[in-house]
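Trainee: To start, I am sharing the structure in question, which I have written as structure tokens.
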Number of protein chains: 2
Amino acid sequence: MRIGDKWTTKVLVCLRSGPRRFSELKVPLRGITPKVLTETLRALERDGMLTRTVHAEIPPRVEYELTPLGHTLFEPLAAQCAWTRANLPDLLDARDAYERR
Amino acid sequence: MRIGDKWTTKVLVCLRSGPRRFSELKVPLRGITPKVLTETLRALERDGMLTRTVHAEIPPRVEYELTPLGHTLFEPLAAQCAWTRANLPDLLDARDAYERR
DNA sequence: CTGTATCCTCGCCGATACTG
DNA sequence: CAGTATCGGCGAGGATACAG
């Protein structure tokens, strides 16, 4: 999926423990622009990974929340994390050895 | 890692059952150019995921083979496949529903 | 506050030609 | 056979400004 892009996994992590507002996502995702955050969220919404809820208030409040389907993404994500924990040192060693030739 | 790029996972699959030559990779990877295949293989070699063996023959023969470390990549890859098998229909349904609004 | 509208950069990837 | 060299398109992502 779009898991290969730059921001999607970080957005998922930020939403894991519950719904968040647009600006609550922008802060922990240091450096993301509103345009890109919107694109990322829209793509996830389009695929049913999260819901977008607009509250008719002043000032406006929009909350994003993972769907059950969205939560299933943490399964393959956990596998990637496990791989990294187990094998990143070997990868780094290989990279060092390669540089020194 | 570089698993997010266009060709890496396909190269891994092609190498899963044993060593392959440069041209034996080019055929099943329809449409890949030698430049991009070289880049992909070099990146994997650099990270210790495969070995590159040059046989001093005429014509030249170069074989690429996954290392044990390279084989471990199939673990997270399998998790992604499992996710897709289980959840792709839901994703597609969500996408359809989104389009029809 | 929650976006949209423009413009721009940069790097992946492809096409093509050529080399040891 | 197994690449390297060069050029170019294209799209993701960023900077900035503005709107509802």
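Every chain in the structure tokens takes a letter, A first, then B, and so on in the order presented; its residues are numbered from 1, and the ligands are numbered from 1 following the presented order.
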Pull out every residue of chain B that has at least one atom within 9 Å of chain C, counting only C-alpha atoms (C1' of nucleotides), and report them as an NGL selection string.

Mentor: :B and (5-6 or 32-33 or 36)

Trainee: Fit chain B to chain A, all Cα atoms paired in order, least squares. Then write it as a tab-separated table (two decimals) with N, CA, C and O atoms, in the first residue's frame.

Mentor:
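Produced file result14.tsv, reproduced below:
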chain	number	residue	atom	x	y	z
B	1	MET	N	1.00	-1.13	0.10
B	1	MET	CA	0.15	0.07	0.03
B	1	MET	C	1.01	1.34	0.02
B	1	MET	O	2.13	1.34	-0.42
B	2	ARG	N	0.40	2.34	0.54
B	2	ARG	CA	1.07	3.64	0.69
B	2	ARG	C	2.02	3.63	1.88
B	2	ARG	O	2.53	4.68	2.28
B	3	ILE	N	2.23	2.46	2.48
B	3	ILE	CA	3.12	2.38	3.64
B	3	ILE	C	4.54	2.73	3.24
B	3	ILE	O	5.38	3.04	4.07
B	4	GLY	N	4.81	2.72	1.96
B	4	GLY	CA	6.14	3.07	1.49
B	4	GLY	C	6.40	4.56	1.44
B	4	GLY	O	7.52	4.98	1.19
B	5	ASP	N	5.39	5.39	1.65
B	5	ASP	CA	5.62	6.82	1.54
B	5	ASP	C	6.20	7.40	2.82
B	5	ASP	O	6.44	6.71	3.80
B	6	LYS	N	6.37	8.69	2.82
B	6	LYS	CA	7.18	9.30	3.87
B	6	LYS	C	6.46	9.46	5.21
B	6	LYS	O	7.08	9.34	6.26
B	7	TRP	N	5.16	9.72	5.20
B	7	TRP	CA	4.49	10.14	6.42
B	7	TRP	C	3.45	9.16	6.96
B	7	TRP	O	3.07	9.23	8.13
B	8	THR	N	2.95	8.28	6.12
B	8	THR	CA	1.81	7.44	6.50
B	8	THR	C	2.02	6.67	7.80
B	8	THR	O	1.17	6.70	8.68
B	9	THR	N	3.15	6.01	7.93
B	9	THR	CA	3.35	5.20	9.14
B	9	THR	C	3.39	6.09	10.38
B	9	THR	O	2.87	5.71	11.43
B	10	LYS	N	3.95	7.27	10.25
B	10	LYS	CA	4.01	8.17	11.40
B	10	LYS	C	2.62	8.64	11.80
B	10	LYS	O	2.30	8.77	12.99
B	11	VAL	N	1.80	8.91	10.80
B	11	VAL	CA	0.41	9.29	11.08
B	11	VAL	C	-0.31	8.16	11.81
B	11	VAL	O	-1.03	8.38	12.79
B	12	LEU	N	-0.11	6.95	11.33
B	12	LEU	CA	-0.75	5.79	11.97
B	12	LEU	C	-0.37	5.70	13.44
B	12	LEU	O	-1.23	5.50	14.31
B	13	VAL	N	0.91	5.86	13.71
B	13	VAL	CA	1.38	5.77	15.10
B	13	VAL	C	0.72	6.85	15.95
B	13	VAL	O	0.29	6.60	17.08
B	14	CYS	N	0.63	8.05	15.40
B	14	CYS	CA	0.02	9.16	16.14
B	14	CYS	C	-1.45	8.91	16.43
B	14	CYS	O	-2.01	9.44	17.39
B	15	LEU	N	-2.10	8.11	15.61
B	15	LEU	CA	-3.54	7.86	15.78
B	15	LEU	C	-3.81	6.56	16.54
B	15	LEU	O	-4.96	6.25	16.84
B	16	ARG	N	-2.76	5.84	16.86
B	16	ARG	CA	-2.97	4.51	17.42
B	16	ARG	C	-3.74	4.53	18.74
B	16	ARG	O	-4.59	3.69	18.99
B	17	SER	N	-3.45	5.51	19.59
B	17	SER	CA	-4.05	5.50	20.93
B	17	SER	C	-5.36	6.26	21.00
B	17	SER	O	-5.91	6.47	22.08
B	18	GLY	N	-5.88	6.69	19.84
B	18	GLY	CA	-7.17	7.37	19.87
B	18	GLY	C	-7.27	8.47	18.85
B	18	GLY	O	-6.30	8.78	18.16
B	19	PRO	N	-8.45	9.09	18.74
B	19	PRO	CA	-8.67	10.14	17.74
B	19	PRO	C	-7.83	11.37	18.00
B	19	PRO	O	-7.52	11.70	19.14
B	20	ARG	N	-7.46	12.04	16.94
B	20	ARG	CA	-6.67	13.27	17.04
B	20	ARG	C	-7.18	14.30	16.05
B	20	ARG	O	-7.67	13.95	14.99
B	21	ARG	N	-7.03	15.55	16.40
B	21	ARG	CA	-7.42	16.64	15.51
B	21	ARG	C	-6.30	16.93	14.52
B	21	ARG	O	-5.16	16.52	14.73
B	22	PHE	N	-6.65	17.68	13.50
B	22	PHE	CA	-5.68	18.03	12.46
B	22	PHE	C	-4.42	18.66	13.08
B	22	PHE	O	-3.29	18.24	12.82
B	23	SER	N	-4.64	19.64	13.93
B	23	SER	CA	-3.48	20.35	14.50
B	23	SER	C	-2.76	19.51	15.54
B	23	SER	O	-1.58	19.73	15.79
B	24	GLU	N	-3.45	18.54	16.12
B	24	GLU	CA	-2.78	17.65	17.07
B	24	GLU	C	-1.87	16.67	16.34
B	24	GLU	O	-0.98	16.07	16.94
B	25	LEU	N	-2.11	16.50	15.06
B	25	LEU	CA	-1.23	15.65	14.26
B	25	LEU	C	-0.04	16.45	13.74
B	25	LEU	O	1.08	15.93	13.67
B	26	LYS	N	-0.30	17.71	13.42
B	26	LYS	CA	0.77	18.53	12.85
B	26	LYS	C	1.94	18.72	13.82
B	26	LYS	O	3.10	18.78	13.40
B	27	VAL	N	1.65	18.81	15.10
B	27	VAL	CA	2.71	19.09	16.07
B	27	VAL	C	3.72	17.95	16.19
B	27	VAL	O	4.92	18.17	15.96
B	28	PRO	N	3.27	16.73	16.53
B	28	PRO	CA	4.26	15.67	16.67
B	28	PRO	C	4.95	15.31	15.35
B	28	PRO	O	6.10	14.86	15.35
B	29	LEU	N	4.25	15.54	14.24
B	29	LEU	CA	4.84	15.26	12.93
B	29	LEU	C	5.65	16.47	12.47
B	29	LEU	O	5.30	17.16	11.52
B	30	ARG	N	6.71	16.71	13.14
B	30	ARG	CA	7.52	17.89	12.89
B	30	ARG	C	7.91	18.06	11.44
B	30	ARG	O	8.52	17.18	10.85
B	31	GLY	N	7.55	19.19	10.89
B	31	GLY	CA	8.01	19.50	9.55
B	31	GLY	C	7.01	19.18	8.46
B	31	GLY	O	7.23	19.53	7.31
B	32	ILE	N	5.93	18.53	8.79
B	32	ILE	CA	4.95	18.24	7.75
B	32	ILE	C	4.16	19.51	7.45
B	32	ILE	O	3.85	20.30	8.35
B	33	THR	N	3.87	19.71	6.18
B	33	THR	CA	3.08	20.88	5.78
B	33	THR	C	1.61	20.47	5.75
B	33	THR	O	1.29	19.30	5.57
B	34	PRO	N	0.70	21.44	5.93
B	34	PRO	CA	-0.72	21.10	5.92
B	34	PRO	C	-1.14	20.42	4.63
B	34	PRO	O	-1.95	19.50	4.64
B	35	LYS	N	-0.57	20.82	3.52
B	35	LYS	CA	-0.91	20.19	2.25
B	35	LYS	C	-0.60	18.70	2.26
B	35	LYS	O	-1.45	17.87	1.91
B	36	VAL	N	0.58	18.35	2.71
B	36	VAL	CA	1.00	16.95	2.68
B	36	VAL	C	0.23	16.15	3.74
B	36	VAL	O	-0.15	15.00	3.50
B	37	LEU	N	-0.01	16.75	4.88
B	37	LEU	CA	-0.79	16.05	5.91
B	37	LEU	C	-2.19	15.75	5.39
B	37	LEU	O	-2.72	14.65	5.56
B	38	THR	N	-2.80	16.73	4.73
B	38	THR	CA	-4.12	16.52	4.14
B	38	THR	C	-4.09	15.39	3.13
B	38	THR	O	-4.95	14.49	3.14
B	39	GLU	N	-3.09	15.41	2.25
B	39	GLU	CA	-2.98	14.35	1.25
B	39	GLU	C	-2.87	12.97	1.90
B	39	GLU	O	-3.53	12.02	1.49
B	40	THR	N	-2.03	12.90	2.92
B	40	THR	CA	-1.81	11.62	3.60
B	40	THR	C	-3.10	11.13	4.26
B	40	THR	O	-3.46	9.95	4.13
B	41	LEU	N	-3.78	12.03	4.95
B	41	LEU	CA	-5.02	11.65	5.64
B	41	LEU	C	-6.11	11.27	4.64
B	41	LEU	O	-6.83	10.29	4.84
B	42	ARG	N	-6.22	12.00	3.54
B	42	ARG	CA	-7.24	11.70	2.54
B	42	ARG	C	-7.02	10.32	1.93
B	42	ARG	O	-7.97	9.57	1.67
B	43	ALA	N	-5.76	10.00	1.68
B	43	ALA	CA	-5.45	8.68	1.10
B	43	ALA	C	-5.85	7.57	2.07
B	43	ALA	O	-6.41	6.55	1.65
B	44	LEU	N	-5.59	7.77	3.34
B	44	LEU	CA	-5.94	6.75	4.33
B	44	LEU	C	-7.45	6.66	4.49
B	44	LEU	O	-8.01	5.57	4.66
B	45	GLU	N	-8.11	7.81	4.42
B	45	GLU	CA	-9.57	7.82	4.53
B	45	GLU	C	-10.18	7.09	3.33
B	45	GLU	O	-11.10	6.28	3.48
B	46	ARG	N	-9.63	7.38	2.18
B	46	ARG	CA	-10.13	6.78	0.94
B	46	ARG	C	-10.04	5.26	1.00
B	46	ARG	O	-10.90	4.56	0.46
B	47	ASP	N	-9.03	4.75	1.65
B	47	ASP	CA	-8.84	3.30	1.74
B	47	ASP	C	-9.51	2.69	2.97
B	47	ASP	O	-9.31	1.51	3.27
B	48	GLY	N	-10.28	3.51	3.68
B	48	GLY	CA	-11.02	2.97	4.82
B	48	GLY	C	-10.18	2.73	6.06
B	48	GLY	O	-10.60	2.00	6.96
B	49	MET	N	-9.01	3.35	6.13
B	49	MET	CA	-8.12	3.14	7.28
B	49	MET	C	-8.46	4.07	8.44
B	49	MET	O	-8.12	3.79	9.58
B	50	LEU	N	-9.11	5.17	8.13
B	50	LEU	CA	-9.51	6.09	9.19
B	50	LEU	C	-10.78	6.83	8.79
B	50	LEU	O	-11.17	6.86	7.62
B	51	THR	N	-11.43	7.41	9.79
B	51	THR	CA	-12.62	8.22	9.54
B	51	THR	C	-12.30	9.68	9.82
B	51	THR	O	-11.45	10.00	10.65
B	52	ARG	N	-12.99	10.54	9.11
B	52	ARG	CA	-12.82	11.98	9.26
B	52	ARG	C	-14.15	12.54	9.74
B	52	ARG	O	-15.17	12.42	9.07
B	53	THR	N	-14.15	13.14	10.93
B	53	THR	CA	-15.38	13.65	11.52
B	53	THR	C	-15.29	15.15	11.73
B	53	THR	O	-14.42	15.63	12.46
B	54	VAL	N	-16.21	15.87	11.06
B	54	VAL	CA	-16.24	17.33	11.19
B	54	VAL	C	-17.27	17.72	12.23
B	54	VAL	O	-18.45	17.37	12.11
B	55	HIS	N	-16.87	18.43	13.26
B	55	HIS	CA	-17.81	18.92	14.27
B	55	HIS	C	-18.19	20.35	13.93
B	55	HIS	O	-17.32	21.21	13.76
B	56	ALA	N	-19.49	20.60	13.87
B	56	ALA	CA	-19.98	21.92	13.46
B	56	ALA	C	-19.85	22.90	14.62
B	56	ALA	O	-20.81	23.14	15.35
B	57	GLU	N	-18.65	23.39	14.82
B	57	GLU	CA	-18.40	24.32	15.90
B	57	GLU	C	-17.58	25.49	15.38
B	57	GLU	O	-17.08	25.48	14.28
B	58	ILE	N	-17.49	26.50	16.24
B	58	ILE	CA	-16.57	27.61	15.97
B	58	ILE	C	-15.64	27.73	17.17
B	58	ILE	O	-16.12	27.96	18.27
B	59	PRO	N	-14.34	27.58	16.98
B	59	PRO	CA	-13.65	27.25	15.71
B	59	PRO	C	-13.90	25.82	15.30
B	59	PRO	O	-14.24	24.98	16.13
B	60	PRO	N	-13.74	25.53	14.02
B	60	PRO	CA	-14.00	24.17	13.52
B	60	PRO	C	-13.09	23.13	14.18
B	60	PRO	O	-11.97	23.42	14.56
B	61	ARG	N	-13.65	21.94	14.32
B	61	ARG	CA	-12.86	20.85	14.89
B	61	ARG	C	-13.07	19.62	14.03
B	61	ARG	O	-14.20	19.23	13.74
B	62	VAL	N	-11.97	19.03	13.58
B	62	VAL	CA	-12.03	17.84	12.73
B	62	VAL	C	-11.21	16.75	13.39
B	62	VAL	O	-10.03	16.95	13.70
B	63	GLU	N	-11.84	15.62	13.61
B	63	GLU	CA	-11.12	14.53	14.26
B	63	GLU	C	-10.91	13.35	13.32
B	63	GLU	O	-11.81	12.95	12.59
B	64	TYR	N	-9.72	12.81	13.40
B	64	TYR	CA	-9.34	11.63	12.61
B	64	TYR	C	-9.18	10.46	13.56
B	64	TYR	O	-8.54	10.58	14.61
B	65	GLU	N	-9.76	9.32	13.17
B	65	GLU	CA	-9.70	8.15	14.05
B	65	GLU	C	-9.52	6.89	13.21
B	65	GLU	O	-10.20	6.71	12.19
B	66	LEU	N	-8.65	6.03	13.65
B	66	LEU	CA	-8.43	4.78	12.93
B	66	LEU	C	-9.67	3.90	12.99
B	66	LEU	O	-10.33	3.81	14.02
B	67	THR	N	-9.96	3.25	11.89
B	67	THR	CA	-11.02	2.25	11.86
B	67	THR	C	-10.43	0.92	12.33
B	67	THR	O	-9.21	0.79	12.47
B	68	PRO	N	-11.27	-0.08	12.59
B	68	PRO	CA	-10.73	-1.41	12.89
B	68	PRO	C	-9.78	-1.89	11.79
B	68	PRO	O	-8.72	-2.46	12.07
B	69	LEU	N	-10.16	-1.60	10.54
B	69	LEU	CA	-9.28	-1.96	9.43
B	69	LEU	C	-7.93	-1.26	9.54
B	69	LEU	O	-6.87	-1.86	9.33
B	70	GLY	N	-7.97	0.00	9.91
B	70	GLY	CA	-6.72	0.75	10.07
B	70	GLY	C	-5.82	0.15	11.14
B	70	GLY	O	-4.60	0.11	10.99
B	71	HIS	N	-6.45	-0.32	12.20
B	71	HIS	CA	-5.66	-0.92	13.29
B	71	HIS	C	-4.94	-2.19	12.86
B	71	HIS	O	-3.89	-2.52	13.40
B	72	THR	N	-5.52	-2.89	11.88
B	72	THR	CA	-4.86	-4.13	11.44
B	72	THR	C	-3.51	-3.85	10.78
B	72	THR	O	-2.69	-4.75	10.65
B	73	LEU	N	-3.29	-2.60	10.38
B	73	LEU	CA	-2.01	-2.27	9.75
B	73	LEU	C	-0.83	-2.42	10.70
B	73	LEU	O	0.32	-2.55	10.27
B	74	PHE	N	-1.13	-2.42	12.00
B	74	PHE	CA	-0.03	-2.53	12.95
B	74	PHE	C	0.56	-3.94	12.99
B	74	PHE	O	1.66	-4.13	13.50
B	75	GLU	N	-0.18	-4.90	12.45
B	75	GLU	CA	0.36	-6.26	12.43
B	75	GLU	C	1.58	-6.36	11.52
B	75	GLU	O	2.67	-6.71	11.99
B	76	PRO	N	1.46	-6.05	10.23
B	76	PRO	CA	2.68	-6.09	9.40
B	76	PRO	C	3.72	-5.07	9.85
B	76	PRO	O	4.92	-5.31	9.71
B	77	LEU	N	3.26	-3.97	10.41
B	77	LEU	CA	4.20	-2.97	10.90
B	77	LEU	C	5.04	-3.53	12.05
B	77	LEU	O	6.25	-3.28	12.13
B	78	ALA	N	4.39	-4.29	12.90
B	78	ALA	CA	5.11	-4.91	14.02
B	78	ALA	C	6.15	-5.90	13.50
B	78	ALA	O	7.24	-6.01	14.06
B	79	ALA	N	5.80	-6.59	12.42
B	79	ALA	CA	6.76	-7.54	11.84
B	79	ALA	C	8.00	-6.82	11.34
B	79	ALA	O	9.13	-7.30	11.50
B	80	GLN	N	7.79	-5.65	10.75
B	80	GLN	CA	8.93	-4.88	10.28
B	80	GLN	C	9.81	-4.41	11.44
B	80	GLN	O	11.03	-4.46	11.37
B	81	CYS	N	9.14	-3.97	12.51
B	81	CYS	CA	9.90	-3.53	13.68
B	81	CYS	C	10.70	-4.68	14.26
B	81	CYS	O	11.86	-4.52	14.66
B	82	ALA	N	10.08	-5.85	14.33
B	82	ALA	CA	10.77	-7.01	14.87
B	82	ALA	C	11.98	-7.35	14.02
B	82	ALA	O	13.06	-7.66	14.54
B	83	TRP	N	11.81	-7.27	12.71
B	83	TRP	CA	12.94	-7.54	11.83
B	83	TRP	C	14.08	-6.57	12.10
B	83	TRP	O	15.24	-6.96	12.19
B	84	THR	N	13.74	-5.31	12.22
B	84	THR	CA	14.77	-4.30	12.44
B	84	THR	C	15.51	-4.53	13.76
B	84	THR	O	16.73	-4.48	13.82
B	85	ARG	N	14.74	-4.79	14.80
B	85	ARG	CA	15.38	-5.06	16.09
B	85	ARG	C	16.34	-6.23	15.99
B	85	ARG	O	17.44	-6.21	16.54
B	86	ALA	N	15.93	-7.26	15.24
B	86	ALA	CA	16.74	-8.48	15.18
B	86	ALA	C	17.93	-8.34	14.23
B	86	ALA	O	18.99	-8.91	14.49
B	87	ASN	N	17.77	-7.57	13.15
B	87	ASN	CA	18.75	-7.64	12.07
B	87	ASN	C	19.45	-6.35	11.70
B	87	ASN	O	20.38	-6.36	10.88
B	88	LEU	N	19.03	-5.24	12.28
B	88	LEU	CA	19.66	-3.98	11.91
B	88	LEU	C	21.17	-3.99	12.17
B	88	LEU	O	21.94	-3.50	11.33
B	89	PRO	N	21.62	-4.52	13.31
B	89	PRO	CA	23.07	-4.56	13.54
B	89	PRO	C	23.82	-5.27	12.42
B	89	PRO	O	24.86	-4.77	11.95
B	90	ASP	N	23.30	-6.40	11.98
B	90	ASP	CA	23.94	-7.12	10.88
B	90	ASP	C	23.99	-6.28	9.62
B	90	ASP	O	25.00	-6.23	8.92
B	91	LEU	N	22.89	-5.61	9.33
B	91	LEU	CA	22.84	-4.76	8.15
B	91	LEU	C	23.90	-3.66	8.23
B	91	LEU	O	24.64	-3.42	7.27
B	92	LEU	N	23.98	-3.03	9.39
B	92	LEU	CA	24.95	-1.95	9.57
B	92	LEU	C	26.38	-2.47	9.44
B	92	LEU	O	27.24	-1.80	8.85
B	93	ASP	N	26.63	-3.64	10.00
B	93	ASP	CA	27.96	-4.23	9.87
B	93	ASP	C	28.30	-4.46	8.40
B	93	ASP	O	29.40	-4.16	7.94
B	94	ALA	N	27.33	-5.01	7.67
B	94	ALA	CA	27.55	-5.27	6.25
B	94	ALA	C	27.86	-3.96	5.51
B	94	ALA	O	28.73	-3.91	4.65
B	95	ARG	N	27.14	-2.93	5.88
B	95	ARG	CA	27.34	-1.64	5.21
B	95	ARG	C	28.74	-1.10	5.50
B	95	ARG	O	29.41	-0.59	4.60
B	96	ASP	N	29.16	-1.22	6.74
B	96	ASP	CA	30.51	-0.79	7.10
B	96	ASP	C	31.55	-1.57	6.31
B	96	ASP	O	32.48	-0.99	5.74
B	97	ALA	N	31.37	-2.89	6.30
B	97	ALA	CA	32.34	-3.74	5.59
B	97	ALA	C	32.40	-3.35	4.12
B	97	ALA	O	33.47	-3.33	3.51
B	98	TYR	N	31.26	-3.02	3.55
B	98	TYR	CA	31.20	-2.65	2.14
B	98	TYR	C	31.95	-1.34	1.90
B	98	TYR	O	32.68	-1.21	0.91
B	99	GLU	N	31.75	-0.39	2.78
B	99	GLU	CA	32.42	0.91	2.63
B	99	GLU	C	33.93	0.76	2.67
B	99	GLU	O	34.66	1.45	1.95
B	100	ARG	N	34.41	-0.13	3.53
B	100	ARG	CA	35.85	-0.25	3.72
B	100	ARG	C	36.54	-1.04	2.61
B	100	ARG	O	37.69	-1.45	2.77
B	101	ARG	N	35.84	-1.35	1.52
B	101	ARG	CA	36.50	-2.03	0.41
B	101	ARG	C	36.66	-1.10	-0.78
B	101	ARG	O	35.91	-0.17	-0.97

Trainee: Determine, using only C-alpha atoms (C1' of nucleotides), which residues of chain D have any atom at most 9 Å from an atom of chain A, and tabulate each with its shortest atom pair and distance in Å to one decimal place, rows ordered by chain and then rising number, as JSON lines.

Mentor:
{"residue": "D:DA12", "atom": "C1'", "partner": "A:Asp5", "partner_atom": "CA", "distance": 8.7}
{"residue": "D:DG13", "atom": "C1'", "partner": "A:Val36", "partner_atom": "CA", "distance": 7.2}
{"residue": "D:DG14", "atom": "C1'", "partner": "A:Thr33", "partner_atom": "CA", "distance": 7.3}
{"residue": "D:DA15", "atom": "C1'", "partner": "A:Thr33", "partner_atom": "CA", "distance": 8.7}

Trainee: DSSP on the backbone, alpha helix (DSSP H) only: what residues of range 4-94 of chain B does that give? Format it as a ChimeraX atom specification.

Mentor: /B:8-15,22-26,34-46,68-71,74-94

Trainee: Can you tell me, as a list of chain:residue names, which residues in chain A count as strand (DSSP E) by DSSP?

Mentor: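 Matching residues, listed in order: A:Arg20, A:Arg21, A:Leu50, A:Thr51, A:Arg52, A:Thr53, A:Val54, A:His55, A:Arg61, A:Val62, A:Glu63, A:Tyr64, A:Glu65, A:Leu66.
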